[in-house]
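J.: File upload_18.pdb follows (PDB, C-alpha atoms and all ligand atoms):
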ATOM      1  CA  LYS D   1     -21.392  17.790 -22.061
ATOM      2  CA  MET D   2     -23.193  15.048 -20.162
ATOM      3  CA  LEU D   3     -20.853  12.453 -18.847
ATOM      4  CA  GLN D   4     -21.011   8.864 -19.957
ATOM      5  CA  GLY D   5     -18.608   6.615 -18.050
ATOM      6  CA  GLY D   6     -18.147   9.160 -15.285
ATOM      7  CA  ALA D   7     -21.834   9.666 -14.584
ATOM      8  CA  MET D   8     -22.273   5.983 -13.835
ATOM      9  CA  GLY D   9     -19.533   5.949 -11.218
ATOM     10  CA  LYS D  10     -20.701   5.911  -7.631
ATOM     11  CA  THR D  11     -17.364   6.306  -5.879
ATOM     12  CA  LEU D  12     -15.602   9.512  -4.908
ATOM     13  CA  VAL D  13     -11.923   9.147  -4.077
ATOM     14  CA  PHE D  14     -10.242  11.670  -1.790
ATOM     15  CA  LEU D  15      -6.461  11.839  -1.902
ATOM     16  CA  GLY D  16      -4.848  13.662   1.015
ATOM     17  CA  THR D  17      -1.572  15.523   0.631
ATOM     18  CA  GLY D  18      -1.531  17.734   3.761
ATOM     19  CA  GLY D  19      -1.685  21.534   3.737
ATOM     20  CA  THR D  20      -3.379  24.004   6.050
ATOM     21  CA  ILE D  21      -6.684  22.235   5.494
ATOM     22  CA  ALA D  22      -5.114  19.443   7.570
ATOM     23  CA  GLY D  23      -3.323  21.887   9.876
ATOM     24  CA  LYS D  24      -3.543  22.405  13.626
ATOM     25  CA  ALA D  25      -2.838  25.420  15.827
ATOM     26  CA  ALA D  26      -2.502  25.537  19.614
ATOM     27  CA  PHE D  27      -5.254  28.188  19.872
ATOM     28  CA  ALA D  28      -8.494  28.481  17.929
ATOM     29  CA  GLN D  29      -7.829  32.198  17.320
ATOM     30  CA  ASP D  30      -4.516  31.484  15.643
ATOM     31  CA  ASN D  31      -4.897  31.440  11.862
ATOM     32  CA  VAL D  32      -1.209  31.875  11.101
ATOM     33  CA  GLY D  33       0.942  30.183  13.758
ATOM     34  CA  TYR D  34      -0.211  26.642  12.993
ATOM     35  CA  THR D  35       1.475  23.522  11.694
ATOM     36  CA  ALA D  36       0.209  22.290   8.334
ATOM     37  CA  ALA D  37      -0.409  18.626   7.508
ATOM     38  CA  GLN D  38      -1.349  17.252  10.934
ATOM     39  CA  LEU D  39      -4.696  15.528  10.277
ATOM     40  CA  GLY D  40      -4.918  12.510   8.048
ATOM     41  CA  VAL D  41      -7.409  12.733   5.198
ATOM     42  CA  ALA D  42      -9.822  10.376   7.029
ATOM     43  CA  GLN D  43      -9.835  12.602  10.101
ATOM     44  CA  LEU D  44     -10.141  15.702   7.935
ATOM     45  CA  LEU D  45     -13.257  14.293   6.246
ATOM     46  CA  GLU D  46     -14.763  13.350   9.626
ATOM     47  CA  GLY D  47     -14.695  17.040  10.461
ATOM     48  CA  VAL D  48     -16.852  18.011   7.459
ATOM     49  CA  SER D  49     -20.411  18.118   8.682
ATOM     50  CA  GLY D  50     -22.927  17.497   5.912
ATOM     51  CA  LEU D  51     -20.511  15.455   3.825
ATOM     52  CA  GLU D  52     -22.671  12.360   4.007
ATOM     53  CA  SER D  53     -25.644  14.034   2.365
ATOM     54  CA  ALA D  54     -23.476  16.062  -0.047
ATOM     55  CA  VAL D  55     -22.034  12.909  -1.646
ATOM     56  CA  GLU D  56     -25.557  11.888  -2.752
ATOM     57  CA  GLY D  57     -25.211   8.199  -1.971
ATOM     58  CA  CYS D  58     -21.743   7.820  -3.445
ATOM     59  CA  THR D  59     -19.195   5.657  -1.695
ATOM     60  CA  VAL D  60     -16.320   7.696  -0.299
ATOM     61  CA  GLU D  61     -12.805   6.295  -0.404
ATOM     62  CA  HIS D  62      -9.723   8.032   0.866
ATOM     63  CA  GLU D  63      -5.997   7.571   0.570
ATOM     64  CA  GLN D  64      -3.086   9.485   2.076
ATOM     65  CA  VAL D  65      -0.693  10.113  -0.802
ATOM     66  CA  ALA D  66       1.525  12.539   1.125
ATOM     67  CA  GLN D  67       1.438  14.592   4.314
ATOM     68  CA  LEU D  68       3.270  17.867   3.845
ATOM     69  CA  ASP D  69       3.106  21.617   3.917
ATOM     70  CA  SER D  70       2.753  22.303   0.210
ATOM     71  CA  LYS D  71       5.574  24.843   0.337
ATOM     72  CA  ASP D  72       7.722  21.698   0.530
ATOM     73  CA  MET D  73       6.082  20.017  -2.460
ATOM     74  CA  GLU D  74       8.424  17.564  -4.171
ATOM     75  CA  HIS D  75       8.521  16.123  -7.665
ATOM     76  CA  ALA D  76       8.335  12.649  -6.094
ATOM     77  CA  VAL D  77       4.936  13.536  -4.596
ATOM     78  CA  TRP D  78       3.720  14.831  -7.960
ATOM     79  CA  SER D  79       4.838  11.641  -9.636
ATOM     80  CA  ARG D  80       3.036   9.474  -7.078
ATOM     81  CA  LEU D  81      -0.064  11.672  -7.090
ATOM     82  CA  ALA D  82      -0.336  11.446 -10.883
ATOM     83  CA  GLN D  83       0.019   7.650 -10.708
ATOM     84  CA  ARG D  84      -2.639   7.289  -8.017
ATOM     85  CA  ILE D  85      -5.100   9.653  -9.710
ATOM     86  CA  GLN D  86      -4.694   7.870 -13.021
ATOM     87  CA  ALA D  87      -5.241   4.474 -11.379
ATOM     88  CA  HIS D  88      -8.437   5.682  -9.692
ATOM     89  CA  LEU D  89      -9.824   7.519 -12.732
ATOM     90  CA  ALA D  90      -9.373   4.329 -14.744
ATOM     91  CA  ARG D  91     -11.750   2.443 -12.407
ATOM     92  CA  ASP D  92     -15.289   2.322 -13.854
ATOM     93  CA  GLU D  93     -16.910   2.848 -10.468
ATOM     94  CA  VAL D  94     -14.956   6.055  -9.766
ATOM     95  CA  ARG D  95     -16.808   9.216 -10.644
ATOM     96  CA  ALA D  96     -14.205  11.808  -9.634
ATOM     97  CA  VAL D  97     -10.999  12.240  -7.669
ATOM     98  CA  LEU D  98     -10.658  15.009  -5.093
ATOM     99  CA  VAL D  99      -7.298  16.155  -3.759
ATOM    100  CA  THR D 100      -6.853  18.048  -0.498
ATOM    101  CA  HIS D 101      -3.781  20.242  -0.855
ATOM    102  CA  GLY D 102      -1.953  23.189   0.675
ATOM    103  CA  THR D 103      -2.649  26.534  -0.952
ATOM    104  CA  ASP D 104       0.982  27.572  -1.493
ATOM    105  CA  THR D 105       1.747  25.374  -4.489
ATOM    106  CA  LEU D 106      -1.768  24.253  -5.395
ATOM    107  CA  GLU D 107      -1.585  26.066  -8.729
ATOM    108  CA  GLU D 108       1.602  24.224  -9.669
ATOM    109  CA  THR D 109       0.219  20.798  -8.743
ATOM    110  CA  ALA D 110      -3.024  21.534 -10.591
ATOM    111  CA  PHE D 111      -1.175  22.590 -13.738
ATOM    112  CA  PHE D 112       1.212  19.635 -13.547
ATOM    113  CA  LEU D 113      -1.701  17.178 -13.260
ATOM    114  CA  SER D 114      -3.554  18.881 -16.111
ATOM    115  CA  GLN D 115      -0.545  18.254 -18.371
ATOM    116  CA  VAL D 116       0.304  14.656 -17.503
ATOM    117  CA  LEU D 117      -2.992  12.871 -16.833
ATOM    118  CA  PRO D 118      -4.603  11.161 -19.829
ATOM    119  CA  ALA D 119      -6.979  13.446 -21.724
ATOM    120  CA  SER D 120      -9.196  10.435 -22.379
ATOM    121  CA  LEU D 121      -9.858  10.086 -18.629
ATOM    122  CA  LEU D 122     -10.034  13.815 -17.846
ATOM    123  CA  GLY D 123     -12.608  14.287 -20.604
ATOM    124  CA  ASP D 124     -14.982  12.111 -18.635
ATOM    125  CA  LYS D 125     -14.144  12.579 -14.975
ATOM    126  CA  PRO D 126     -12.931  15.617 -13.054
ATOM    127  CA  VAL D 127     -10.000  15.965 -10.720
ATOM    128  CA  VAL D 128     -10.927  18.575  -8.115
ATOM    129  CA  LEU D 129      -8.295  20.140  -5.873
ATOM    130  CA  THR D 130      -9.325  21.923  -2.748
ATOM    131  CA  CYS D 131      -7.594  23.564   0.186
ATOM    132  CA  ALA D 132      -8.013  25.968   3.094
ATOM    133  CA  MET D 133      -6.466  29.186   4.291
ATOM    134  CA  ARG D 134      -7.194  28.444   7.939
ATOM    135  CA  PRO D 135      -6.203  25.372   9.918
ATOM    136  CA  ALA D 136      -8.778  22.771  10.904
ATOM    137  CA  THR D 137      -8.595  24.021  14.515
ATOM    138  CA  ALA D 138      -9.612  27.621  13.647
ATOM    139  CA  LEU D 139     -12.612  29.303  15.222
ATOM    140  CA  THR D 140     -14.175  29.402  11.767
ATOM    141  CA  PRO D 141     -12.215  27.082   9.486
ATOM    142  CA  ASP D 142     -12.798  27.363   5.731
ATOM    143  CA  GLY D 143     -11.743  23.801   4.912
ATOM    144  CA  PRO D 144     -15.078  22.047   5.539
ATOM    145  CA  GLN D 145     -17.032  24.417   3.266
ATOM    146  CA  ASN D 146     -14.372  24.122   0.581
ATOM    147  CA  VAL D 147     -14.584  20.315   0.766
ATOM    148  CA  LEU D 148     -18.381  20.420   0.437
ATOM    149  CA  ASP D 149     -18.099  22.807  -2.528
ATOM    150  CA  ALA D 150     -15.483  20.571  -4.136
ATOM    151  CA  VAL D 151     -17.840  17.595  -3.758
ATOM    152  CA  ARG D 152     -20.652  19.542  -5.463
ATOM    153  CA  VAL D 153     -18.313  20.294  -8.350
ATOM    154  CA  ALA D 154     -17.033  16.711  -8.504
ATOM    155  CA  LEU D 155     -20.612  15.417  -8.811
ATOM    156  CA  ASP D 156     -21.712  18.000 -11.364
ATOM    157  CA  ALA D 157     -22.404  16.592 -14.831
ATOM    158  CA  HIS D 158     -20.451  19.394 -16.510
ATOM    159  CA  ALA D 159     -17.269  19.029 -14.467
ATOM    160  CA  ARG D 160     -14.196  17.636 -16.181
ATOM    161  CA  GLY D 161     -10.472  18.260 -16.472
ATOM    162  CA  VAL D 162      -8.419  19.487 -13.535
ATOM    163  CA  VAL D 163     -10.019  22.277 -11.515
ATOM    164  CA  ALA D 164      -9.461  23.950  -8.164
ATOM    165  CA  VAL D 165     -12.245  24.965  -5.794
ATOM    166  CA  CYS D 166     -11.680  27.557  -3.083
ATOM    167  CA  ALA D 167     -13.997  30.071  -1.415
ATOM    168  CA  GLY D 168     -16.916  29.164  -3.656
ATOM    169  CA  THR D 169     -15.050  29.746  -6.912
ATOM    170  CA  ILE D 170     -14.022  27.154  -9.513
ATOM    171  CA  HIS D 171     -10.717  27.791 -11.288
ATOM    172  CA  ALA D 172      -9.068  26.086 -14.278
ATOM    173  CA  ALA D 173      -5.653  24.516 -13.678
ATOM    174  CA  ARG D 174      -4.018  26.668 -16.367
ATOM    175  CA  TYR D 175      -5.100  29.976 -14.845
ATOM    176  CA  VAL D 176      -5.507  29.435 -11.118
ATOM    177  CA  GLN D 177      -3.077  31.441  -9.024
ATOM    178  CA  LYS D 178      -2.732  32.235  -5.361
ATOM    179  CA  SER D 179      -3.075  35.979  -5.282
ATOM    180  CA  HIS D 180      -3.385  36.741  -1.578
ATOM    181  CA  PRO D 181      -1.328  35.459   1.377
ATOM    182  CA  TYR D 182      -4.077  35.648   4.003
ATOM    183  CA  ARG D 183      -7.658  36.165   2.802
ATOM    184  CA  LEU D 184      -9.955  33.164   2.593
ATOM    185  CA  ASP D 185     -10.636  34.020  -1.054
ATOM    186  CA  ALA D 186      -6.947  33.666  -1.840
ATOM    187  CA  PHE D 187      -7.122  32.544  -5.469
ATOM    188  CA  ASP D 188      -8.059  34.052  -8.774
ATOM    189  CA  SER D 189      -8.088  32.810 -12.338
ATOM    190  CA  SER D 190      -5.839  35.531 -13.689
ATOM    191  CA  ASP D 191      -6.941  36.510 -17.226
ATOM    192  CA  GLY D 192      -8.825  33.250 -17.692
ATOM    193  CA  GLY D 193     -11.766  34.209 -15.498
ATOM    194  CA  ALA D 194     -13.432  31.833 -13.071
ATOM    195  CA  LEU D 195     -15.036  28.701 -14.518
ATOM    196  CA  GLY D 196     -17.934  28.978 -12.133
ATOM    197  CA  TYR D 197     -19.188  29.363  -8.605
ATOM    198  CA  VAL D 198     -20.682  27.170  -5.898
ATOM    199  CA  GLU D 199     -23.534  28.925  -4.136
ATOM    200  CA  GLU D 200     -25.557  27.230  -1.380
ATOM    201  CA  GLY D 201     -24.541  23.869  -2.777
ATOM    202  CA  ARG D 202     -25.488  24.724  -6.367
ATOM    203  CA  VAL D 203     -22.887  24.943  -9.100
ATOM    204  CA  ARG D 204     -23.224  27.858 -11.525
ATOM    205  CA  TRP D 205     -20.901  27.533 -14.496
ATOM    206  CA  VAL D 206     -19.855  30.564 -16.501
ATOM    207  CA  HIS D 207     -17.356  28.774 -18.739
ATOM    208  CA  GLU D 208     -16.951  25.206 -19.961
ATOM    209  CA  CYS D 209     -14.261  23.216 -18.184
ATOM    210  CA  PRO D 210     -11.188  22.948 -20.393
ATOM    211  CA  VAL D 211      -9.716  19.477 -20.762
ATOM    212  CA  GLU D 212      -5.982  19.357 -21.317
ATOM    213  CA  GLY D 213      -4.090  16.195 -20.419
ATOM    214  CA  CYS D 214      -2.015  13.958 -22.580
ATOM    215  CA  ASP D 215      -2.658  10.382 -23.666
ATOM    216  CA  ALA D 216       0.973   9.645 -24.534
ATOM    217  CA  PRO D 217       2.838   8.816 -21.305
ATOM    218  CA  VAL D 218       5.604  11.267 -20.391
ATOM    219  CA  PRO D 219       8.942   9.384 -20.512
ATOM    220  CA  GLY D 220      10.518   9.145 -17.070
ATOM    221  CA  LEU D 221       7.526  10.557 -15.185
ATOM    222  CA  ASP D 222       7.756   7.720 -12.665
ATOM    223  CA  GLN D 223      11.458   8.469 -12.034
ATOM    224  CA  PRO D 224      11.258  11.917 -10.397
ATOM    225  CA  SER D 225      14.902  11.939  -9.321
ATOM    226  CA  GLY D 226      15.788  12.031 -12.996
ATOM    227  CA  TRP D 227      13.511  14.930 -13.979
ATOM    228  CA  PRO D 228      15.470  17.734 -15.649
ATOM    229  CA  ARG D 229      16.544  20.604 -13.448
ATOM    230  CA  VAL D 230      14.678  23.742 -14.526
ATOM    231  CA  GLU D 231      15.038  26.910 -12.457
ATOM    232  CA  VAL D 232      13.200  30.236 -12.367
ATOM    233  CA  VAL D 233      15.156  33.491 -12.212
ATOM    234  CA  PHE D 234      13.689  36.965 -11.819
ATOM    235  CA  SER D 235      14.738  40.136 -13.548
ATOM    236  CA  HIS D 236      14.615  43.279 -11.426
ATOM    237  CA  ALA D 237      16.410  46.543 -10.810
ATOM    238  CA  GLY D 238      20.013  45.769  -9.994
ATOM    239  CA  ALA D 239      19.765  42.220 -11.411
ATOM    240  CA  ASN D 240      22.979  40.559 -12.535
ATOM    241  CA  GLY D 241      24.142  37.295 -14.032
ATOM    242  CA  ALA D 242      25.939  35.824 -11.025
ATOM    243  CA  THR D 243      23.208  33.340 -10.011
ATOM    244  CA  VAL D 244      22.726  32.093 -13.557
ATOM    245  CA  ARG D 245      26.478  31.670 -14.029
ATOM    246  CA  ALA D 246      26.721  29.796 -10.719
ATOM    247  CA  MET D 247      23.842  27.518 -11.691
ATOM    248  CA  CYS D 248      25.415  26.762 -15.045
ATOM    249  CA  ALA D 249      28.687  25.880 -13.314
ATOM    250  CA  SER D 250      26.948  23.791 -10.635
ATOM    251  CA  ALA D 251      27.454  20.513 -12.523
ATOM    252  CA  THR D 252      31.161  20.863 -11.801
ATOM    253  CA  LEU D 253      30.250  20.976  -8.080
ATOM    254  CA  GLY D 254      28.254  17.748  -8.162
ATOM    255  CA  ALA D 255      24.755  19.266  -8.425
ATOM    256  CA  PRO D 256      22.546  18.247 -11.348
ATOM    257  CA  ALA D 257      23.232  20.322 -14.442
ATOM    258  CA  VAL D 258      20.669  23.009 -15.206
ATOM    259  CA  ARG D 259      18.705  21.996 -18.304
ATOM    260  CA  GLY D 260      16.318  24.894 -18.447
ATOM    261  CA  LEU D 261      15.900  28.448 -17.141
ATOM    262  CA  VAL D 262      12.639  30.338 -17.022
ATOM    263  CA  VAL D 263      13.201  34.038 -16.690
ATOM    264  CA  ALA D 264      10.400  35.999 -15.056
ATOM    265  CA  GLY D 265      11.015  39.236 -16.866
ATOM    266  CA  THR D 266       9.779  42.702 -16.134
ATOM    267  CA  GLY D 267       6.761  43.959 -18.084
ATOM    268  CA  ASN D 268       6.480  42.274 -21.473
ATOM    269  CA  GLY D 269       9.255  39.806 -20.625
ATOM    270  CA  THR D 270      12.123  42.279 -20.684
ATOM    271  CA  VAL D 271      15.365  41.253 -18.982
ATOM    272  CA  HIS D 272      18.091  43.363 -17.339
ATOM    273  CA  ARG D 273      21.066  43.469 -19.725
ATOM    274  CA  ASP D 274      23.478  41.908 -17.208
ATOM    275  CA  LEU D 275      21.129  39.008 -16.507
ATOM    276  CA  GLU D 276      20.418  38.742 -20.230
ATOM    277  CA  ALA D 277      24.137  38.353 -20.997
ATOM    278  CA  ALA D 278      24.406  35.427 -18.583
ATOM    279  CA  LEU D 279      21.249  33.829 -19.994
ATOM    280  CA  VAL D 280      22.554  34.167 -23.563
ATOM    281  CA  GLN D 281      25.734  32.418 -22.457
ATOM    282  CA  ALA D 282      23.653  29.659 -20.818
ATOM    283  CA  GLN D 283      21.627  29.287 -24.003
ATOM    284  CA  GLN D 284      24.831  28.956 -26.023
ATOM    285  CA  GLN D 285      25.830  26.110 -23.691
ATOM    286  CA  GLY D 286      22.599  24.274 -24.550
ATOM    287  CA  VAL D 287      20.385  25.368 -21.652
ATOM    288  CA  HIS D 288      16.760  26.033 -22.695
ATOM    289  CA  VAL D 289      15.797  29.603 -21.845
ATOM    290  CA  VAL D 290      12.160  30.706 -21.865
ATOM    291  CA  ARG D 291      10.962  34.176 -21.034
ATOM    292  CA  THR D 292       7.800  35.005 -19.125
ATOM    293  CA  THR D 293       6.533  38.021 -17.259
ATOM    294  CA  ARG D 294       6.570  38.625 -13.532
ATOM    295  CA  CYS D 295       3.315  40.614 -13.946
ATOM    296  CA  ALA D 296       0.441  38.880 -12.165
ATOM    297  CA  TYR D 297      -1.828  39.153 -15.205
ATOM    298  CA  GLY D 298      -1.372  38.680 -18.922
ATOM    299  CA  ALA D 299       1.250  36.837 -20.933
ATOM    300  CA  VAL D 300       4.291  38.028 -22.866
ATOM    301  CA  VAL D 301       3.161  39.346 -26.236
ATOM    302  CA  PRO D 302       5.611  38.006 -28.837
ATOM    303  CA  GLY D 303       7.207  40.377 -31.323
ATOM    304  CA  ALA D 304       9.777  42.287 -29.305
ATOM    305  CA  VAL D 305      13.421  41.639 -30.153
ATOM    306  CA  SER D 306      14.801  39.163 -27.623
ATOM    307  CA  PRO D 307      17.315  36.304 -27.714
ATOM    308  CA  PHE D 308      14.847  34.115 -25.787
ATOM    309  CA  ALA D 309      11.753  32.214 -26.855
ATOM    310  CA  VAL D 310       8.344  32.913 -25.404
ATOM    311  CA  GLY D 311       6.847  29.747 -23.931
ATOM    312  CA  GLN D 312       3.168  28.926 -23.525
ATOM    313  CA  GLY D 313       2.371  32.311 -22.013
ATOM    314  CA  LEU D 314       2.108  30.813 -18.542
ATOM    315  CA  ALA D 315       3.041  32.255 -15.176
ATOM    316  CA  PRO D 316       6.765  31.612 -14.468
ATOM    317  CA  PHE D 317       6.298  28.650 -12.128
ATOM    318  CA  LYS D 318       3.857  26.943 -14.478
ATOM    319  CA  GLU D 319       6.151  27.663 -17.428
ATOM    320  CA  ARG D 320       8.847  25.856 -15.426
ATOM    321  CA  ILE D 321       6.657  22.744 -15.359
ATOM    322  CA  ALA D 322       5.858  23.059 -19.066
ATOM    323  CA  LEU D 323       9.554  23.338 -19.925
ATOM    324  CA  MET D 324      10.441  20.404 -17.698
ATOM    325  CA  LEU D 325       7.823  18.240 -19.429
ATOM    326  CA  GLN D 326       8.917  19.496 -22.852
ATOM    327  CA  ILE D 327      12.498  18.417 -22.102
ATOM    328  CA  MET D 328      11.277  15.038 -20.825
ATOM    329  CA  ARG D 329       9.246  14.535 -23.982
ATOM    330  CA  GLY D 330      12.382  15.305 -25.958
TER     331      GLY D 330
HETATM  332  N1  LIG O   1       1.759  26.528   3.771
HETATM  333  C1  LIG O   1       0.441  25.936   3.627
HETATM  334  C2  LIG O   1       0.522  24.893   2.526
HETATM  335  O1  LIG O   1       0.640  25.270   1.406
HETATM  336  C3  LIG O   1      -0.528  27.001   3.302
HETATM  337  C4  LIG O   1      -1.944  26.545   3.077
HETATM  338  O2  LIG O   1      -2.254  25.390   2.850
HETATM  339  O3  LIG O   1      -2.831  27.432   3.102
HETATM  340  O4  LIG O   1       0.482  23.727   2.793
END
Could you write out this file's structure as structure tokens?
Ligand code: ASP
T.:
Amino acid sequence: KMLQGGAMGKTLVFLGTGGTIAGKAAFAQDNVGYTAAQLGVAQLLEGVSGLESAVEGCTVEHEQVAQLDSKDMEHAVWSRLAQRIQAHLARDEVRAVLVTHGTDTLEETAFFLSQVLPASLLGDKPVVLTCAMRPATALTPDGPQNVLDAVRVALDAHARGVVAVCAGTIHAARYVQKSHPYRLDAFDSSDGGALGYVEEGRVRWVHECPVEGCDAPVPGLDQPSGWPRVEVVFSHAGANGATVRAMCASATLGAPAVRGLVVAGTGNGTVHRDLEAALVQAQQQGVHVVRTTRCAYGAVVPGAVSPFAVGQGLAPFKERIALMLQIMRG
């Protein structure tokens, strides 16, 4: 689809959130012992040679929304990020918003944004997340190339919705997952398949960009301290119900009451009987329980006898977000 409003925009907005892409190590050879989130987004962009020509005459704006290692991602940052992205996408002159992010929770942020940003804006203008596996100080950092690739995607007439760009591959928010702790090509699109590739500055699409989003505002989205507490628990050999029982009792200890539990089950969402007993009890107390699979690929196939509902067929940590939003939407 050719863009209308979006194609006229001549401004690209970069929102910085930290991550390894903004990280620094003491030695150029050190790709692991660095500190994430050290460079501001302005400084990070200064280090991308070729950016000026890649933006094809667009004005570049940047804003530091957060500065953290994405392992420490907070709901408050998500809330603010969604607000800032929405504000920028609503500006006629803005063509796309790019977000620099840590790799650890990029898939969660991408999915969250894809569910809460207005579909009417995402249908016209893309939100492109990018990242790096090596710090900015590395002998051969991957951040600058990823930023250039993300810009190519952001400017492409077919780009829309929320996508992630890493190591020359374009992933949809719903399917992107970090699948390797070290390699530069650390992401895959699970069963969804990549949306496309960026090769020598050219974008080659293999699938249309899905547009999710939601035009009805999510109640309480701007009050992150009040978001419902939804936890993920794993089933495994030797699993038991102690953690679930403790979480359900936590309200009596002053912690927020658990409103939802996502169980990452074995195989087709099967759950150890001892853990299952505790989850059934939680469900009887009014806690929402959703079952998923801990397998890296596929989704739970409904039909097996289980006391728990199957959710949207998402990976456990994305299902957690979906359940949280479902509770917020009442
Ligand atoms: N821990 C880092 C982060 O997620 C890892 C990275 O960005 O590659 O911020």
J.: Go ahead and compute the interatomic distance for atom O4 of ligand LIG 1 (chain O) and atom CA of Val232 of chain D, in Å to one decimal.
T.: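 Straight-line distance from atom O4 of ligand LIG 1 (chain O) to atom CA of Val232 of chain D works out to 20.8 Å.
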J.: Which neighbours of Asp191 of chain D fall inside 10 Å, counting all atoms listed in the file, when residues of the same chain fewer than 6 positions from it are skipped, and could you give them as a count of residues only?
T.: 6
J.: Using only C-alpha atoms, which residues sit within 12 Å of Gln281 of chain D once same-chain residues fewer than 3 positions away are excluded, as a list in words?
T.: Gly241, Ala242, Val244, Arg245, Met247, Cys248, Ala249, Leu261, Asp274, Leu275, Glu276, Ala277, Ala278, Gln284, Gln285, Gly286, Val287, His288, Val289, Pro307 and Phe308 of chain D
J.: Contacts of Gly168 of chain D at 12 Å or less, counting all atoms listed in the file, minus same-chain residues fewer than 6 places along, as an mmCIF file with C-alpha atoms, keeping the file's coordinate frame?
T.:
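After the write, selection-v9.cif holds the following:
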data_model
loop_
_atom_site.group_PDB
_atom_site.id
_atom_site.type_symbol
_atom_site.label_atom_id
_atom_site.label_comp_id
_atom_site.auth_asym_id
_atom_site.auth_seq_id
_atom_site.Cartn_x
_atom_site.Cartn_y
_atom_site.Cartn_z
ATOM 1 C CA THR D 130 -9.325 21.923 -2.748
ATOM 2 C CA CYS D 131 -7.594 23.564 0.186
ATOM 3 C CA ALA D 132 -8.013 25.968 3.094
ATOM 4 C CA ASP D 142 -12.798 27.363 5.731
ATOM 5 C CA GLY D 143 -11.743 23.801 4.912
ATOM 6 C CA PRO D 144 -15.078 22.047 5.539
ATOM 7 C CA GLN D 145 -17.032 24.417 3.266
ATOM 8 C CA ASN D 146 -14.372 24.122 0.581
ATOM 9 C CA VAL D 147 -14.584 20.315 0.766
ATOM 10 C CA LEU D 148 -18.381 20.420 0.437
ATOM 11 C CA ASP D 149 -18.099 22.807 -2.528
ATOM 12 C CA ALA D 150 -15.483 20.571 -4.136
ATOM 13 C CA VAL D 151 -17.840 17.595 -3.758
ATOM 14 C CA ARG D 152 -20.652 19.542 -5.463
ATOM 15 C CA VAL D 153 -18.313 20.294 -8.350
ATOM 16 C CA LEU D 184 -9.955 33.164 2.593
ATOM 17 C CA ASP D 185 -10.636 34.020 -1.054
ATOM 18 C CA ALA D 186 -6.947 33.666 -1.840
ATOM 19 C CA PHE D 187 -7.122 32.544 -5.469
ATOM 20 C CA ASP D 188 -8.059 34.052 -8.774
ATOM 21 C CA ALA D 194 -13.432 31.833 -13.071
ATOM 22 C CA LEU D 195 -15.036 28.701 -14.518
ATOM 23 C CA GLY D 196 -17.934 28.978 -12.133
ATOM 24 C CA TYR D 197 -19.188 29.363 -8.605
ATOM 25 C CA VAL D 198 -20.682 27.170 -5.898
ATOM 26 C CA GLU D 199 -23.534 28.925 -4.136
ATOM 27 C CA GLU D 200 -25.557 27.230 -1.380
ATOM 28 C CA GLY D 201 -24.541 23.869 -2.777
ATOM 29 C CA ARG D 202 -25.488 24.724 -6.367
ATOM 30 C CA VAL D 203 -22.887 24.943 -9.100
ATOM 31 C CA ARG D 204 -23.224 27.858 -11.525
ATOM 32 C CA TRP D 205 -20.901 27.533 -14.496
#
J.: I need every residue sitting at most 10 Å from the point (2.2, 27.4, -2.6) (coordinates as in the file, all atoms listed in the file considered), written as a list in words.
T.: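 Returned residue set, sorted by chain then number, is Gly19, Asp69, Ser70, Lys71, Asp72, Met73, His101, Gly102, Thr103, Asp104, Thr105, Leu106, Glu107, Glu108, Thr109, Gln177, Lys178 and Pro181 of chain D.
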J.: Please check which residues have atoms at most 7 Å from (-13.3, 13.7, -11.1) in the file's coordinates, counting all atoms listed in the file, and write them as a CSV table (one decimal) with C-alpha atoms, in the frame of the given file.
T.:
chain,number,residue,atom,x,y,z
D,95,ARG,CA,-16.8,9.2,-10.6
D,96,ALA,CA,-14.2,11.8,-9.6
D,97,VAL,CA,-11.0,12.2,-7.7
D,98,LEU,CA,-10.7,15.0,-5.1
D,125,LYS,CA,-14.1,12.6,-15.0
D,126,PRO,CA,-12.9,15.6,-13.1
D,127,VAL,CA,-10.0,16.0,-10.7
D,128,VAL,CA,-10.9,18.6,-8.1
D,154,ALA,CA,-17.0,16.7,-8.5
D,160,ARG,CA,-14.2,17.6,-16.2
J.: Can you translate the PyMOL selection byres (((chain D and resi 270) around 9) and not hetatm) into the concrete residues it hits in this file, as a PDB file with C-alpha atoms, in the coordinates of the input?
T.:
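This went into expr-v9.pdb:
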ATOM      1  CA  SER D 235      14.738  40.136 -13.548  1.00  0.00           C
ATOM      2  CA  ALA D 264      10.400  35.999 -15.056  1.00  0.00           C
ATOM      3  CA  GLY D 265      11.015  39.236 -16.866  1.00  0.00           C
ATOM      4  CA  THR D 266       9.779  42.702 -16.134  1.00  0.00           C
ATOM      5  CA  GLY D 267       6.761  43.959 -18.084  1.00  0.00           C
ATOM      6  CA  ASN D 268       6.480  42.274 -21.473  1.00  0.00           C
ATOM      7  CA  GLY D 269       9.255  39.806 -20.625  1.00  0.00           C
ATOM      8  CA  VAL D 271      15.365  41.253 -18.982  1.00  0.00           C
ATOM      9  CA  HIS D 272      18.091  43.363 -17.339  1.00  0.00           C
ATOM     10  CA  ARG D 291      10.962  34.176 -21.034  1.00  0.00           C
ATOM     11  CA  THR D 292       7.800  35.005 -19.125  1.00  0.00           C
ATOM     12  CA  THR D 293       6.533  38.021 -17.259  1.00  0.00           C
ATOM     13  CA  ALA D 304       9.777  42.287 -29.305  1.00  0.00           C
ATOM     14  CA  SER D 306      14.801  39.163 -27.623  1.00  0.00           C
TER      15      SER D 306
END
J.: Using all atoms listed in the file, which of the listed residues (D:Met324, D:Cys295, D:Ile21, D:Val116) sits closest to ligand LIG 1 (chain O)?
T.: D:Ile21
J.: With only C-alpha atoms and all ligand atoms as the atoms that count, which of D:Leu129, D:Leu121, D:Leu221, D:Ala28 lies nearest to ligand LIG 1 (chain O)?
T.: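 Nearest candidate to ligand LIG 1 (chain O) out of D:Leu129, D:Leu121, D:Leu221, D:Ala28: D:Leu129.
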